[in-house]
$ cat model-v2.pdb   # PDB, C-alpha atoms, pLDDT in the B column
ATOM      1  CA  MET B   1      12.510  -4.187   5.734  1.00 88.00           C
ATOM      2  CA  THR B   2      14.165  -1.443   3.678  1.00 94.00           C
ATOM      3  CA  HIS B   3      11.530  -0.817   1.011  1.00 98.00           C
ATOM      4  CA  HIS B   4       7.852  -1.566   0.528  1.00 98.00           C
ATOM      5  CA  ILE B   5       6.682  -1.254  -3.071  1.00 98.00           C
ATOM      6  CA  PHE B   6       2.969  -0.725  -3.752  1.00 98.00           C
ATOM      7  CA  VAL B   7       1.508  -1.317  -7.223  1.00 98.00           C
ATOM      8  CA  CYS B   8      -2.059  -0.359  -8.151  1.00 97.00           C
ATOM      9  CA  THR B   9      -3.957  -3.300  -9.601  1.00 96.00           C
ATOM     10  CA  SER B  10      -7.277  -1.432  -9.470  1.00 95.00           C
ATOM     11  CA  CYS B  11      -8.846  -3.518  -6.682  1.00 94.00           C
ATOM     12  CA  ARG B  12     -12.164  -2.047  -5.652  1.00 92.00           C
ATOM     13  CA  LEU B  13     -13.629  -2.326  -2.171  1.00 92.00           C
ATOM     14  CA  ASN B  14     -16.557  -4.343  -3.486  1.00 89.00           C
ATOM     15  CA  GLY B  15     -14.195  -7.105  -4.567  1.00 87.00           C
ATOM     16  CA  THR B  16     -14.053  -6.354  -8.278  1.00 89.00           C
ATOM     17  CA  GLN B  17     -10.952  -5.345 -10.208  1.00 89.00           C
ATOM     18  CA  LYS B  18     -11.665  -2.575 -12.658  1.00 88.00           C
ATOM     19  CA  GLY B  19      -9.654   0.448 -13.700  1.00 91.00           C
ATOM     20  CA  PHE B  20      -6.862   1.922 -15.764  1.00 91.00           C
ATOM     21  CA  CYS B  21      -3.841   0.372 -14.035  1.00 95.00           C
ATOM     22  CA  CYS B  22      -5.087  -3.224 -14.287  1.00 93.00           C
ATOM     23  CA  THR B  23      -5.999  -2.784 -17.958  1.00 92.00           C
ATOM     24  CA  LYS B  24      -2.380  -1.705 -18.517  1.00 93.00           C
ATOM     25  CA  GLY B  25      -1.038  -4.981 -17.149  1.00 94.00           C
ATOM     26  CA  SER B  26      -0.188  -3.893 -13.624  1.00 96.00           C
ATOM     27  CA  ALA B  27      -0.754  -7.396 -12.211  1.00 96.00           C
ATOM     28  CA  ASP B  28       2.221  -8.473 -14.339  1.00 97.00           C
ATOM     29  CA  ILE B  29       4.210  -5.562 -12.910  1.00 98.00           C
ATOM     30  CA  VAL B  30       3.586  -6.962  -9.408  1.00 98.00           C
ATOM     31  CA  ARG B  31       4.669 -10.440 -10.549  1.00 98.00           C
ATOM     32  CA  LYS B  32       7.804  -8.970 -12.153  1.00 98.00           C
ATOM     33  CA  PHE B  33       8.720  -7.151  -8.924  1.00 98.00           C
ATOM     34  CA  GLN B  34       8.230 -10.435  -7.036  1.00 98.00           C
ATOM     35  CA  GLU B  35      10.559 -12.211  -9.474  1.00 98.00           C
ATOM     36  CA  GLU B  36      13.186  -9.492  -9.267  1.00 98.00           C
ATOM     37  CA  ILE B  37      13.080  -9.498  -5.461  1.00 98.00           C
ATOM     38  CA  GLU B  38      13.606 -13.278  -5.442  1.00 98.00           C
ATOM     39  CA  GLU B  39      16.349 -13.225  -8.083  1.00 98.00           C
ATOM     40  CA  ARG B  40      18.226 -10.512  -6.193  1.00 98.00           C
ATOM     41  CA  GLU B  41      17.672 -12.406  -2.899  1.00 98.00           C
ATOM     42  CA  LEU B  42      16.002  -9.401  -1.320  1.00 98.00           C
ATOM     43  CA  GLU B  43      13.095 -11.248   0.320  1.00 96.00           C
ATOM     44  CA  GLY B  44      12.622  -9.879   3.811  1.00 93.00           C
ATOM     45  CA  GLU B  45      14.241  -6.587   2.820  1.00 97.00           C
ATOM     46  CA  VAL B  46      11.928  -5.603  -0.021  1.00 98.00           C
ATOM     47  CA  THR B  47       8.223  -6.381  -0.249  1.00 98.00           C
ATOM     48  CA  VAL B  48       5.707  -5.723  -3.027  1.00 98.00           C
ATOM     49  CA  THR B  49       1.964  -5.385  -2.392  1.00 98.00           C
ATOM     50  CA  ASN B  50      -0.864  -4.803  -4.881  1.00 97.00           C
ATOM     51  CA  THR B  51      -3.402  -2.104  -4.092  1.00 97.00           C
ATOM     52  CA  GLY B  52      -6.606  -0.385  -5.021  1.00 96.00           C
ATOM     53  CA  CYS B  53      -6.807   2.975  -6.727  1.00 96.00           C
ATOM     54  CA  PHE B  54      -4.413   5.810  -5.806  1.00 96.00           C
ATOM     55  CA  SER B  55      -6.674   8.338  -7.605  1.00 94.00           C
ATOM     56  CA  ARG B  56      -3.954   9.159 -10.123  1.00 94.00           C
ATOM     57  CA  CYS B  57      -5.399   6.935 -12.852  1.00 94.00           C
ATOM     58  CA  GLU B  58      -4.454   9.297 -15.673  1.00 94.00           C
ATOM     59  CA  LYS B  59      -0.792   8.723 -14.728  1.00 96.00           C
ATOM     60  CA  GLY B  60      -1.087   4.942 -14.325  1.00 95.00           C
ATOM     61  CA  PRO B  61       0.158   2.341 -13.892  1.00 97.00           C
ATOM     62  CA  ILE B  62       1.119   3.751 -10.492  1.00 98.00           C
ATOM     63  CA  VAL B  63       3.938   2.407  -8.294  1.00 98.00           C
ATOM     64  CA  VAL B  64       4.607   3.939  -4.856  1.00 98.00           C
ATOM     65  CA  VAL B  65       7.756   3.215  -2.854  1.00 98.00           C
ATOM     66  CA  TYR B  66       7.818   3.609   0.945  1.00 98.00           C
ATOM     67  CA  PRO B  67       9.244   4.723   3.310  1.00 97.00           C
ATOM     68  CA  ASP B  68      10.619   7.138   0.692  1.00 97.00           C
ATOM     69  CA  GLY B  69       7.143   8.221  -0.431  1.00 97.00           C
ATOM     70  CA  ILE B  70       8.160   8.307  -4.101  1.00 98.00           C
ATOM     71  CA  TRP B  71       5.380   7.957  -6.688  1.00 98.00           C
ATOM     72  CA  TYR B  72       6.068   6.609 -10.168  1.00 98.00           C
ATOM     73  CA  GLY B  73       3.681   6.766 -13.114  1.00 98.00           C
ATOM     74  CA  GLY B  74       3.343   5.186 -16.539  1.00 97.00           C
ATOM     75  CA  VAL B  75       5.347   2.233 -15.259  1.00 98.00           C
ATOM     76  CA  THR B  76       5.896  -0.616 -17.717  1.00 97.00           C
ATOM     77  CA  LEU B  77       7.294  -4.125 -17.276  1.00 97.00           C
ATOM     78  CA  ASN B  78      10.604  -2.845 -18.620  1.00 96.00           C
ATOM     79  CA  ASP B  79      10.755  -0.193 -15.886  1.00 98.00           C
ATOM     80  CA  VAL B  80      10.666  -2.753 -13.069  1.00 98.00           C
ATOM     81  CA  GLY B  81      14.347  -3.663 -13.449  1.00 98.00           C
ATOM     82  CA  THR B  82      15.251   0.030 -13.639  1.00 98.00           C
ATOM     83  CA  ILE B  83      13.384   0.815 -10.401  1.00 98.00           C
ATOM     84  CA  MET B  84      15.059  -2.164  -8.722  1.00 98.00           C
ATOM     85  CA  ASP B  85      18.541  -1.193  -9.963  1.00 98.00           C
ATOM     86  CA  GLN B  86      18.429   2.541  -9.481  1.00 98.00           C
ATOM     87  CA  HIS B  87      16.024   3.122  -6.590  1.00 98.00           C
ATOM     88  CA  ILE B  88      15.837  -0.038  -4.485  1.00 98.00           C
ATOM     89  CA  GLU B  89      19.457  -1.140  -4.812  1.00 97.00           C
ATOM     90  CA  GLY B  90      21.084   2.144  -5.869  1.00 97.00           C
ATOM     91  CA  GLY B  91      19.214   4.579  -3.645  1.00 97.00           C
ATOM     92  CA  ARG B  92      18.601   7.020  -6.513  1.00 97.00           C
ATOM     93  CA  ILE B  93      15.062   8.105  -7.523  1.00 98.00           C
ATOM     94  CA  VAL B  94      14.176   7.247 -11.143  1.00 98.00           C
ATOM     95  CA  LYS B  95      13.471  10.866 -12.104  1.00 98.00           C
ATOM     96  CA  GLU B  96      12.013  10.138 -15.534  1.00 98.00           C
ATOM     97  CA  LEU B  97       9.220   8.034 -13.999  1.00 98.00           C
ATOM     98  CA  GLN B  98       8.503  10.195 -10.946  1.00 98.00           C
ATOM     99  CA  ILE B  99       5.138  11.964 -10.763  1.00 97.00           C
TER     100      ILE B  99
ATOM    101  CA  MET W   1       0.988  14.150   2.527  1.00 88.00           C
ATOM    102  CA  THR W   2       1.879  13.256   6.109  1.00 94.00           C
ATOM    103  CA  HIS W   3       0.546   9.704   6.349  1.00 98.00           C
ATOM    104  CA  HIS W   4      -0.499   6.976   3.955  1.00 98.00           C
ATOM    105  CA  ILE W   5      -2.621   4.246   5.548  1.00 98.00           C
ATOM    106  CA  PHE W   6      -2.810   0.840   3.836  1.00 98.00           C
ATOM    107  CA  VAL W   7      -5.544  -1.657   4.750  1.00 98.00           C
ATOM    108  CA  CYS W   8      -5.561  -5.246   3.498  1.00 97.00           C
ATOM    109  CA  THR W   9      -8.836  -6.113   1.800  1.00 96.00           C
ATOM    110  CA  SER W  10      -7.468  -9.416   0.478  1.00 95.00           C
ATOM    111  CA  CYS W  11      -7.357  -8.417  -3.217  1.00 94.00           C
ATOM    112  CA  ARG W  12      -5.728 -11.125  -5.262  1.00 93.00           C
ATOM    113  CA  LEU W  13      -3.795 -10.504  -8.447  1.00 92.00           C
ATOM    114  CA  ASN W  14      -6.313 -12.513 -10.462  1.00 89.00           C
ATOM    115  CA  GLY W  15      -9.011  -9.988  -9.588  1.00 87.00           C
ATOM    116  CA  THR W  16     -10.804 -11.929  -6.885  1.00 89.00           C
ATOM    117  CA  GLN W  17     -11.094 -10.895  -3.254  1.00 89.00           C
ATOM    118  CA  LYS W  18     -10.569 -13.792  -0.903  1.00 88.00           C
ATOM    119  CA  GLY W  19      -8.832 -14.044   2.423  1.00 91.00           C
ATOM    120  CA  PHE W  20      -8.881 -13.506   6.156  1.00 91.00           C
ATOM    121  CA  CYS W  21      -8.836  -9.700   6.306  1.00 95.00           C
ATOM    122  CA  CYS W  22     -11.811  -9.216   3.989  1.00 93.00           C
ATOM    123  CA  THR W  23     -13.849 -11.835   5.842  1.00 93.00           C
ATOM    124  CA  LYS W  24     -13.209  -9.799   8.999  1.00 93.00           C
ATOM    125  CA  GLY W  25     -14.812  -6.694   7.501  1.00 94.00           C
ATOM    126  CA  SER W  26     -11.691  -4.847   6.383  1.00 97.00           C
ATOM    127  CA  ALA W  27     -13.503  -3.089   3.519  1.00 96.00           C
ATOM    128  CA  ASP W  28     -15.554  -1.332   6.204  1.00 97.00           C
ATOM    129  CA  ILE W  29     -12.319  -0.400   7.965  1.00 98.00           C
ATOM    130  CA  VAL W  30     -11.193   1.368   4.777  1.00 98.00           C
ATOM    131  CA  ARG W  31     -14.545   3.181   4.541  1.00 98.00           C
ATOM    132  CA  LYS W  32     -14.292   4.198   8.207  1.00 98.00           C
ATOM    133  CA  PHE W  33     -10.790   5.642   7.668  1.00 98.00           C
ATOM    134  CA  GLN W  34     -12.139   7.578   4.658  1.00 98.00           C
ATOM    135  CA  GLU W  35     -14.959   9.002   6.801  1.00 98.00           C
ATOM    136  CA  GLU W  36     -12.606   9.935   9.634  1.00 98.00           C
ATOM    137  CA  ILE W  37     -10.199  11.630   7.225  1.00 98.00           C
ATOM    138  CA  GLU W  38     -13.063  13.694   5.785  1.00 98.00           C
ATOM    139  CA  GLU W  39     -14.580  14.549   9.165  1.00 98.00           C
ATOM    140  CA  ARG W  40     -11.203  15.691  10.479  1.00 98.00           C
ATOM    141  CA  GLU W  41     -10.579  17.630   7.246  1.00 98.00           C
ATOM    142  CA  LEU W  42      -7.335  15.769   6.615  1.00 98.00           C
ATOM    143  CA  GLU W  43      -7.848  15.106   2.903  1.00 96.00           C
ATOM    144  CA  GLY W  44      -4.587  15.778   1.090  1.00 93.00           C
ATOM    145  CA  GLU W  45      -2.624  15.143   4.277  1.00 97.00           C
ATOM    146  CA  VAL W  46      -3.776  11.605   4.999  1.00 98.00           C
ATOM    147  CA  THR W  47      -4.693   8.977   2.399  1.00 98.00           C
ATOM    148  CA  VAL W  48      -6.080   5.469   2.798  1.00 98.00           C
ATOM    149  CA  THR W  49      -5.580   2.737   0.188  1.00 98.00           C
ATOM    150  CA  ASN W  50      -6.848  -0.851   0.185  1.00 97.00           C
ATOM    151  CA  THR W  51      -4.383  -3.615  -0.657  1.00 97.00           C
ATOM    152  CA  GLY W  52      -3.802  -7.261  -1.336  1.00 96.00           C
ATOM    153  CA  CYS W  53      -2.315  -9.674   1.157  1.00 96.00           C
ATOM    154  CA  PHE W  54       0.567  -8.644   3.447  1.00 96.00           C
ATOM    155  CA  SER W  55       1.258 -12.320   4.288  1.00 94.00           C
ATOM    156  CA  ARG W  56       0.401 -11.765   7.941  1.00 94.00           C
ATOM    157  CA  CYS W  57      -3.107 -13.200   7.650  1.00 94.00           C
ATOM    158  CA  GLU W  58      -3.044 -14.821  11.092  1.00 94.00           C
ATOM    159  CA  LYS W  59      -2.717 -11.315  12.576  1.00 96.00           C
ATOM    160  CA  GLY W  60      -5.372  -9.702  10.359  1.00 95.00           C
ATOM    161  CA  PRO W  61      -7.042  -7.428   9.693  1.00 97.00           C
ATOM    162  CA  ILE W  62      -3.754  -5.685   8.890  1.00 98.00           C
ATOM    163  CA  VAL W  63      -3.260  -1.913   8.702  1.00 98.00           C
ATOM    164  CA  VAL W  64       0.141  -0.440   7.746  1.00 98.00           C
ATOM    165  CA  VAL W  65       1.004   3.232   8.200  1.00 98.00           C
ATOM    166  CA  TYR W  66       3.729   4.893   6.115  1.00 98.00           C
ATOM    167  CA  PRO W  67       6.162   6.622   6.094  1.00 97.00           C
ATOM    168  CA  ASP W  68       6.399   5.398   9.693  1.00 97.00           C
ATOM    169  CA  GLY W  69       6.373   1.727   8.679  1.00 97.00           C
ATOM    170  CA  ILE W  70       4.143   0.738  11.599  1.00 98.00           C
ATOM    171  CA  TRP W  71       2.103  -2.463  11.250  1.00 98.00           C
ATOM    172  CA  TYR W  72      -1.125  -2.977  13.182  1.00 98.00           C
ATOM    173  CA  GLY W  73      -2.990  -6.263  13.532  1.00 98.00           C
ATOM    174  CA  GLY W  74      -6.407  -7.439  14.655  1.00 97.00           C
ATOM    175  CA  VAL W  75      -7.767  -4.015  13.782  1.00 98.00           C
ATOM    176  CA  THR W  76     -11.506  -3.502  14.301  1.00 97.00           C
ATOM    177  CA  LEU W  77     -13.850  -0.700  13.273  1.00 97.00           C
ATOM    178  CA  ASN W  78     -13.585   0.678  16.821  1.00 97.00           C
ATOM    179  CA  ASP W  79      -9.793   0.919  16.488  1.00 98.00           C
ATOM    180  CA  VAL W  80      -9.973   3.287  13.510  1.00 98.00           C
ATOM    181  CA  GLY W  81     -10.743   6.331  15.670  1.00 98.00           C
ATOM    182  CA  THR W  82      -7.981   5.329  18.092  1.00 98.00           C
ATOM    183  CA  ILE W  83      -5.398   5.063  15.277  1.00 98.00           C
ATOM    184  CA  MET W  84      -6.534   8.439  13.918  1.00 98.00           C
ATOM    185  CA  ASP W  85      -6.419  10.118  17.355  1.00 98.00           C
ATOM    186  CA  GLN W  86      -3.250   8.634  18.738  1.00 98.00           C
ATOM    187  CA  HIS W  87      -1.072   7.875  15.712  1.00 98.00           C
ATOM    188  CA  ILE W  88      -2.165  10.092  12.837  1.00 98.00           C
ATOM    189  CA  GLU W  89      -3.044  13.205  14.818  1.00 97.00           C
ATOM    190  CA  GLY W  90      -1.133  12.528  18.048  1.00 97.00           C
ATOM    191  CA  GLY W  91       2.084  11.083  16.642  1.00 97.00           C
ATOM    192  CA  ARG W  92       2.084   8.195  19.126  1.00 97.00           C
ATOM    193  CA  ILE W  93       2.114   4.556  17.996  1.00 98.00           C
ATOM    194  CA  VAL W  94      -0.882   2.537  19.258  1.00 98.00           C
ATOM    195  CA  LYS W  95       1.256  -0.027  21.068  1.00 98.00           C
ATOM    196  CA  GLU W  96      -1.566  -2.444  21.915  1.00 98.00           C
ATOM    197  CA  LEU W  97      -2.326  -2.956  18.197  1.00 98.00           C
ATOM    198  CA  GLN W  98       1.239  -3.027  16.895  1.00 98.00           C
ATOM    199  CA  ILE W  99       2.572  -6.294  15.473  1.00 97.00           C
TER     200      ILE W  99
END
$ encode --input "model-v2.pdb" --output "structure tokens"
Amino acid sequence: MTHHIFVCTSCRLNGTQKGFCCTKGSADIVRKFQEEIEERELEGEVTVTNTGCFSRCEKGPIVVVYPDGIWYGGVTLNDVGTIMDQHIEGGRIVKELQI
Amino acid sequence: MTHHIFVCTSCRLNGTQKGFCCTKGSADIVRKFQEEIEERELEGEVTVTNTGCFSRCEKGPIVVVYPDGIWYGGVTLNDVGTIMDQHIEGGRIVKELQI
């Protein structure tokens, strides 16, 4: 696997989903990453996983890309293609989204 | 930050929590990592985040450590101290848990 993308969907340990990122549509951001990975035939190389809070709520929705350790904030559905093009496939950090 | 530990707590995108890892007590594994990080005064250096499914349910509970990209399976509460000692503080993969 080359990249593992983590997207906060505000999952709490008690099983509820409550928080800034999920109210900003981050579950759709996960689905969009899944679609993009399939369309680009990158299954096996790139994985997306939803998460609980990264404690950077004020900068949400939060997307973290490993192994690079790059954190993105204020991510919208429109940014998903940009992150896939520039970072995942192009190897260049999307500076304007980095936090 | 030196390490980011991800623990599956079976969060689904629809907001429910349902799956193998959470039935095996993985929320307590997250809490135990949080306690160990505090006790060892590693806040800021080591972070733990709960996640949705990693699609390796049959090997759960799953713990993934980045930036190393090491996947552990069948993790129990007793293994948390071992992962902290050997991997996080010692820099040596816990081979018997690796999947």
$ interface_residues --input "model-v2.pdb" --of "chain B" --to "chain W" --cutoff "12 Å" --atoms "all atoms listed in the file" --output "PyMOL selection string"
chain B and resi 1-19+22-23+25-31+44+47-55+64-71
$ atom_distance --input "model-v2.pdb" --atom1 "CA of His87 in chain B" --atom2 "CA of Glu38 in chain B"
16.6 Å
$ closest_residue --input "model-v2.pdb" --among "W:Lys59, W:Arg40, W:Lys24, W:Lys32" --to "Ile88 in chain W" --atoms "only C-alpha atoms"
W:Arg40
$ closest_residue --input "model-v2.pdb" --among "B:Leu77, B:Glu89, B:Glu45, B:Pro61" --to "Cys21 in chain B" --atoms "only C-alpha atoms"
B:Pro61
$ closest_residue --input "model-v2.pdb" --among "B:Leu42, B:Cys57, B:Val63, B:Ile37" --to "Gly81 in chain B" --atoms "only C-alpha atoms"
B:Ile37
$ atom_distance --input "model-v2.pdb" --atom1 "CA of Lys95 in chain W" --atom2 "CA of Glu36 in chain W"
20.5 Å
$ atom_distance --input "model-v2.pdb" --atom1 "CA of Gln34 in chain W" --atom2 "CA of Tyr72 in chain W"
17.5 Å
$ closest_residue --input "model-v2.pdb" --among "B:Met84, B:Thr76, B:Gly91, B:Phe33" --to "Gly60 in chain B" --atoms "only C-alpha atoms"
B:Thr76
$ residues_around --input "model-v2.pdb" --residues "Leu97 in chain B" --least-positions-apart "3" --cutoff "8 Å" --atoms "only C-alpha atoms" --output "PDB file with C-alpha atoms, in the coordinates of the input"
ATOM      1  CA  TYR B  72       6.068   6.609 -10.168  1.00 98.00           C
ATOM      2  CA  GLY B  73       3.681   6.766 -13.114  1.00 98.00           C
ATOM      3  CA  GLY B  74       3.343   5.186 -16.539  1.00 97.00           C
ATOM      4  CA  VAL B  75       5.347   2.233 -15.259  1.00 98.00           C
ATOM      5  CA  VAL B  94      14.176   7.247 -11.143  1.00 98.00           C
TER       6      VAL B  94
END
